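Worksheet: one structure, shown below.
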Amino acid sequence: MLLIYNPQSTTRLQYIFKFIFDEVLGTTYSITTDEDNFKNNTGSKINYSDHSIKEVFQIKPHTLLFESNIQPQAVNVSFKTGQPIFFTSEDADYPFDIFSAAFYLISRYEEYLLYTEDMYGRFAHENSLAFQNNFLHLPLVNVWLEDFKLKLLQLFPSLLFEPKAFSFVPTYDIDIAWSYKEKGLLRNIGGFLKRPSVDRIATLLGNKKDPFDCYDFLYDTHSKFHLRPLYFFLVAKENGLYDKNILPHNKAMQLLIKQHAAQYKIGLHPSWRSFNNEAVISQEKKNIENISGKEINISRQHYIKLKLPKTYQQLSALGFTDDYSMGYGSINGFRASTASPFFWYDLALDKMTTLRIHPFCFMDANCFYEQKLNVQESADELMKYHRICKDVHAPLVTIFHNNFLGTENMFVGWKELYIRFISQLQQ
């Protein structure tokens, strides 16, 4: 048991301790506000206060965990430990306040302050502390905690840790289920006039498989390698500039959803139109539940269009328990500087919620459209994130789209990249 002393046990402090010690490091701990009780304890203990206590390991606290408002913070990144750190201390036994720094990153504190939006109205990754200080590619909180665990073991060899094991979580966004099939006469005529294609005609005549149809391939892959994937379906009831899905009243689309719901965990991909519109999200949730015959409680935002705190407040209010949107739709990396799942902390209400956030760090569309990587460069990037997550014993959550894994000429090589990657995981 690790005993931690601080005169004031706040909600923020309790939250970040639970994340660090319960969910990541897997060790038992207790918080005390009684200094005399702390001094008399002879076990493993940390003084997390400004009080000087003889011969006790001390981490000096920043003010962040003892505030209840949201305000700009002085964040000055230093590299004096070899890794980027901030909220540093000169006269303590640990070089920085790891608890406050971790809270700042995983709470996405900077996304509650004034920022510049990107072309889609999202928090631009260029605003982030991680991007500006070249650690977006790292689950920095996990890296810190690996080092912190070693320090604790040096100080308290009897402490027991049971960290989570590495896992691979394949997820898929089904934005457009088929390239040509089930789109109706007018959409196909318009598509043909814009880009004449023999493949379109052959597909519509039933002589060729639709280029976005990779569902049998994925089923076989998951079965062979014993994977437990998640599928997120876009079920906007109207098409628009960014919602180009097969409409949910379509019988083939309903069958596709039912088939996947019978085999796998499926979730909602809230439409572009639903952004900041709780009524539309609610209707889409009801639609996919009616089609699948299952309760749907996981989600991922279409185009990763996420605004804190409103998006997560709406999802929580509608009964969603898990969200997979924590990443960028413009670059790969760790938006919350962690690969570990965590419960969302609502800074606006200053409380921990029951909505569990699952960060992703790799998306095919980021490689192809945003970072302009070729297939081999994308494969290298995927393997890089695999090694990083494995090193810190945290999940690797990836996003692939069905159009990348089919037979569309634009995405030649991506199916082979994916199967090669999954095969390597088994070695």
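Residues are referred to by chain and number: the chain letter is A, B, ... according to the order shown in the structure tokens, the number counts from 1 in that chain, and ligands are numbered separately from 1 in the order shown.
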
Output as CSV one row per residue of stretch 223-335 of chain A within 6 Å of stretch 355-360 of chain A: the closest atom pair and its distance in Å to one decimal place, counting only C-alpha atoms, sorted by chain and residue number ascending.
```
residue,atom,partner,partner_atom,distance
A:Thr321,CA,A:Leu355,CA,4.9
A:Asp322,CA,A:Arg356,CA,4.7
A:Asp323,CA,A:Ile357,CA,5.1
A:Tyr324,CA,A:His358,CA,4.9
A:Met326,CA,A:Pro359,CA,4.6
A:Gly327,CA,A:Phe360,CA,5.5
```

**OP:** Mind checking which residues fall within 7 Å of stretch 170-173 of chain A, counting only C-alpha atoms, ignoring those fewer than 6 positions away in the same chain, and posting them as a PyMOL selection string?
**Re:** chain A and resi 229-233+397-401

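Between atom CA of A:Glu182 and atom CA of A:Cys214 the separation is 15.6 Å.
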
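The spacing separating atom CA of A:Asp34 from atom CA of A:Leu160 amounts to 24.6 Å.
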
Could you give me, as a tab-separated table, every stretch 298-317 of chain A residue with an atom at most 7 Å from stretch 103-127 of chain A, plus its closest atom pair and distance in Å to one decimal, counting only C-alpha atoms, rows ordered by chain then number?
```
residue	atom	partner	partner_atom	distance
A:Lys305	CA	A:Arg122	CA	5.8
A:Leu306	CA	A:Arg122	CA	6.5
A:Lys307	CA	A:Arg122	CA	6.9
A:Leu308	CA	A:Tyr112	CA	6.6
```

**OP:** Pull the strand (DSSP E) assignments for stretch 249-396 of chain A out of DSSP run on the backbone, and list those residues as number ranges by chain.
**Re:** A: 265-268, 298-299, 322-323, 342-346, 351-357, 362-363, 396

Original post:
A:Ile4: which residues within 12 Å, counting only C-alpha atoms, same-chain residues fewer than 2 positions away excluded, as a PyMOL selection string?
Top reply: chain A and resi 1-2+6-9+13-14+17+21+28-35+37-39+41+43-49+56-59+99

**OP:** Compile the contact shell of A:Asp346 as a ChimeraX atom specification: residues with an atom at most 8 Å away, counting only C-alpha atoms, same-chain residues fewer than 5 positions apart removed.
**Re:** /A:107,309,351-353

Write to file, as a CSV table (one decimal), in the first residue's frame, the residues of the selection just made, with N, CA and C atoms.
```csv
chain,number,residue,atom,x,y,z
A,107,SER,N,-7.0,15.5,-19.4
A,107,SER,CA,-8.3,16.3,-19.3
A,107,SER,C,-8.5,17.1,-20.5
A,309,PRO,N,-16.6,20.9,-23.8
A,309,PRO,CA,-17.2,19.7,-23.2
A,309,PRO,C,-18.5,19.2,-23.8
A,351,LYS,N,-15.8,17.6,-12.5
A,351,LYS,CA,-16.1,16.3,-11.9
A,351,LYS,C,-15.8,15.1,-12.9
A,352,MET,N,-15.5,14.0,-12.3
A,352,MET,CA,-15.3,12.8,-13.1
A,352,MET,C,-16.6,12.2,-13.6
A,353,THR,N,-16.6,11.7,-14.9
A,353,THR,CA,-17.8,11.1,-15.4
A,353,THR,C,-17.7,9.6,-15.6
```

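Of the listed residues (A:Ser128, A:Thr88, A:Gln83, A:Thr407), A:Gln83 comes nearest to A:Val141; the distances count only C-alpha atoms.
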
Subject >> For A:Lys390: contacts at 6 Å, only C-alpha atoms, fewer than 3 positions along chain excluded, given as a PyMOL selection string >> reply: chain A and resi 166+387+393

How would the residues just picked look written out with all heavy atoms as a PDB file, in the first residue's frame?
```
ATOM      1  N   PHE A 166      -0.325  -5.137 -23.078  1.00  0.00           N
ATOM      2  CA  PHE A 166      -0.564  -4.591 -24.414  1.00  0.00           C
ATOM      3  C   PHE A 166      -1.696  -5.345 -25.091  1.00  0.00           C
ATOM      4  O   PHE A 166      -1.842  -6.559 -24.927  1.00  0.00           O
ATOM      5  CB  PHE A 166       0.707  -4.707 -25.260  1.00  0.00           C
ATOM      6  CG  PHE A 166       0.473  -4.477 -26.725  1.00  0.00           C
ATOM      7  CD1 PHE A 166       0.343  -3.194 -27.227  1.00  0.00           C
ATOM      8  CD2 PHE A 166       0.330  -5.553 -27.603  1.00  0.00           C
ATOM      9  CE1 PHE A 166       0.110  -2.982 -28.575  1.00  0.00           C
ATOM     10  CE2 PHE A 166       0.092  -5.347 -28.953  1.00  0.00           C
ATOM     11  CZ  PHE A 166      -0.016  -4.053 -29.433  1.00  0.00           C
ATOM     12  N   ARG A 387       5.046  -0.486 -31.673  1.00  0.00           N
ATOM     13  CA  ARG A 387       6.184  -0.615 -30.745  1.00  0.00           C
ATOM     14  C   ARG A 387       6.024   0.317 -29.547  1.00  0.00           C
ATOM     15  O   ARG A 387       6.292  -0.073 -28.399  1.00  0.00           O
ATOM     16  CB  ARG A 387       7.486  -0.293 -31.480  1.00  0.00           C
ATOM     17  CG  ARG A 387       7.931  -1.357 -32.474  1.00  0.00           C
ATOM     18  CD  ARG A 387       9.345  -1.121 -32.937  1.00  0.00           C
ATOM     19  NE  ARG A 387       9.487   0.154 -33.635  1.00  0.00           N
ATOM     20  CZ  ARG A 387       9.301   0.333 -34.937  1.00  0.00           C
ATOM     21  NH1 ARG A 387       8.973  -0.707 -35.705  1.00  0.00           N
ATOM     22  NH2 ARG A 387       9.459   1.513 -35.491  1.00  0.00           N
ATOM     23  N   HIS A 393       2.920  -0.915 -22.396  1.00  0.00           N
ATOM     24  CA  HIS A 393       1.882  -1.865 -21.956  1.00  0.00           C
ATOM     25  C   HIS A 393       0.478  -1.257 -22.062  1.00  0.00           C
ATOM     26  O   HIS A 393      -0.348  -1.393 -21.149  1.00  0.00           O
ATOM     27  CB  HIS A 393       2.144  -2.304 -20.510  1.00  0.00           C
ATOM     28  CG  HIS A 393       3.576  -2.635 -20.236  1.00  0.00           C
ATOM     29  ND1 HIS A 393       4.190  -3.744 -20.761  1.00  0.00           N
ATOM     30  CD2 HIS A 393       4.531  -1.987 -19.502  1.00  0.00           C
ATOM     31  CE1 HIS A 393       5.455  -3.777 -20.359  1.00  0.00           C
ATOM     32  NE2 HIS A 393       5.687  -2.726 -19.600  1.00  0.00           N
TER      33      HIS A 393
END
```

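Residue nearest A:Leu247, chosen from A:Leu227, A:Ile176, A:Ile85, A:Leu382 and counting only C-alpha atoms: A:Ile176.
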